[in-house]
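Peer 1: Mind having a look at this structure? Questions to follow.
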Amino acid sequence: MEDLKKSSSFEEAYKIAEWRRAMKEEIQALQQNQTWELLPKPKDVKHISYKWVCGSIERYKARLVARGFSQQYGLDYDEIFSPVAKVTTVRVLLALAASKNWKLWQINVKSAFLQ
């Protein structure tokens, strides 16, 4: 059985089948959701680097992320969108559901894209 420890580098993670599978699922989700479009690189533009971020071994979740610190607004991107629920909002919804005796479900969404 392979070593199921959390990986500290891409090279280390890629040796483990579960991490390779998680990376493949991430690439497939990005392609399926048409997250980005591959274009030829202009000669006078530096490319934006990326890295793999691997989560906990309980779920083997890998994310491909751009190193956005090298991006310039209007050149590399036009808009940003990062939906985050505030803890207070979640608490209000849970309190409302409890007071109205609503049923609640929790789901795990592997890749969520709004639009």
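The way I read the labels, and the way they are meant: chains A, B, ... in the order of the structure tokens, residue 1 as the first residue of every chain, and ligand 1 as the first ligand shown, with later ones counted on from there.
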Using only C-alpha atoms, which residues sit within 12 Å of Ile48 of chain A once same-chain residues fewer than 6 positions away are excluded, as a list in words?
Peer 2: Lys41, Val65, Ala66, Arg67, Gly68, Phe69, Ser70, Gln71, Gln72, Leu75, Asp76 and Tyr77 of chain A
Peer 1: Go ahead and write the selection's residues with N, CA and C atoms as a compact mmCIF listing (two decimals), in the first residue's frame.
Peer 2:
```
# COMPACT_ATOMS: atom_id res chain seq x y z
N LYS A 41 0.85 32.33 -26.72
CA LYS A 41 1.45 33.37 -25.89
C LYS A 41 2.08 34.44 -26.77
N VAL A 65 -3.91 26.27 -9.24
CA VAL A 65 -4.12 27.70 -9.00
C VAL A 65 -3.05 28.53 -9.71
N ALA A 66 -3.51 29.65 -10.25
CA ALA A 66 -2.58 30.60 -10.87
C ALA A 66 -1.90 31.40 -9.77
N ARG A 67 -0.68 31.72 -9.99
CA ARG A 67 0.04 32.58 -9.05
C ARG A 67 -0.27 34.02 -9.45
N GLY A 68 -1.42 34.47 -8.99
CA GLY A 68 -1.99 35.73 -9.43
C GLY A 68 -1.19 36.97 -9.11
N PHE A 69 -0.19 36.87 -8.24
CA PHE A 69 0.60 38.05 -7.90
C PHE A 69 1.32 38.63 -9.12
N SER A 70 1.44 37.86 -10.20
CA SER A 70 2.12 38.36 -11.39
C SER A 70 1.14 38.91 -12.42
N GLN A 71 -0.16 38.85 -12.12
CA GLN A 71 -1.16 39.34 -13.07
C GLN A 71 -1.35 40.84 -12.99
N GLN A 72 -1.78 41.42 -14.11
CA GLN A 72 -2.07 42.85 -14.18
C GLN A 72 -3.50 43.03 -14.68
N LEU A 75 -4.83 43.42 -18.44
CA LEU A 75 -3.92 42.70 -19.33
C LEU A 75 -4.13 41.19 -19.20
N ASP A 76 -4.06 40.69 -17.98
CA ASP A 76 -4.20 39.25 -17.73
C ASP A 76 -5.61 38.85 -17.30
N TYR A 77 -6.39 39.79 -16.80
CA TYR A 77 -7.75 39.49 -16.38
C TYR A 77 -8.59 40.76 -16.41
```
Peer 1: Just the alpha helix (DSSP H) stuff from chain A, please, per backbone DSSP, written as a compact mmCIF listing (two decimals) with C-alpha atoms, in the first residue's frame.
Peer 2:
```
# COMPACT_ATOMS: atom_id res chain seq x y z
CA PHE A 10 4.32 18.15 -6.60
CA GLU A 11 6.97 15.51 -7.26
CA GLU A 12 6.13 13.75 -4.01
CA ALA A 13 2.35 13.98 -4.52
CA TYR A 14 2.52 12.74 -8.11
CA ALA A 17 -2.11 7.33 -7.23
CA GLU A 18 -4.80 9.12 -5.19
CA TRP A 19 -3.16 12.52 -5.75
CA ARG A 20 -2.73 11.82 -9.49
CA ARG A 21 -6.43 10.93 -9.66
CA ALA A 22 -7.36 14.14 -7.79
CA MET A 23 -5.24 16.22 -10.20
CA LYS A 24 -6.84 14.52 -13.20
CA GLU A 25 -10.33 15.24 -11.79
CA GLU A 26 -9.39 18.91 -11.30
CA ILE A 27 -8.16 19.26 -14.91
CA GLN A 28 -11.34 17.54 -16.20
CA ALA A 29 -13.56 19.87 -14.13
CA LEU A 30 -11.68 22.95 -15.40
CA GLN A 31 -12.09 21.79 -19.00
CA GLN A 32 -15.73 20.73 -18.61
CA VAL A 87 -20.21 32.70 9.11
CA THR A 88 -22.96 35.06 10.31
CA THR A 89 -25.00 34.35 7.18
CA VAL A 90 -24.71 30.60 7.73
CA ARG A 91 -25.72 31.00 11.38
CA VAL A 92 -28.78 33.06 10.43
CA LEU A 93 -29.84 30.45 7.88
CA LEU A 94 -29.38 27.63 10.40
CA ALA A 95 -31.36 29.55 13.06
CA LEU A 96 -34.12 30.26 10.56
CA ALA A 97 -34.26 26.61 9.50
CA ALA A 98 -34.41 25.49 13.12
CA SER A 99 -37.18 27.93 14.01
CA LYS A 100 -39.23 26.97 10.93
```
Peer 1: For the structure I just gave you, how does DSSP split chain A - specifically, which residues are strand (DSSP E)? Reply as a list of chain:residue names.
Peer 2: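 Secondary structure check on chain A, strand (DSSP E): A:Tyr50, A:Lys51, A:Trp52, A:Val53, A:Cys54, A:Ala62, A:Arg63, A:Leu64, A:Val65, A:Ala66.
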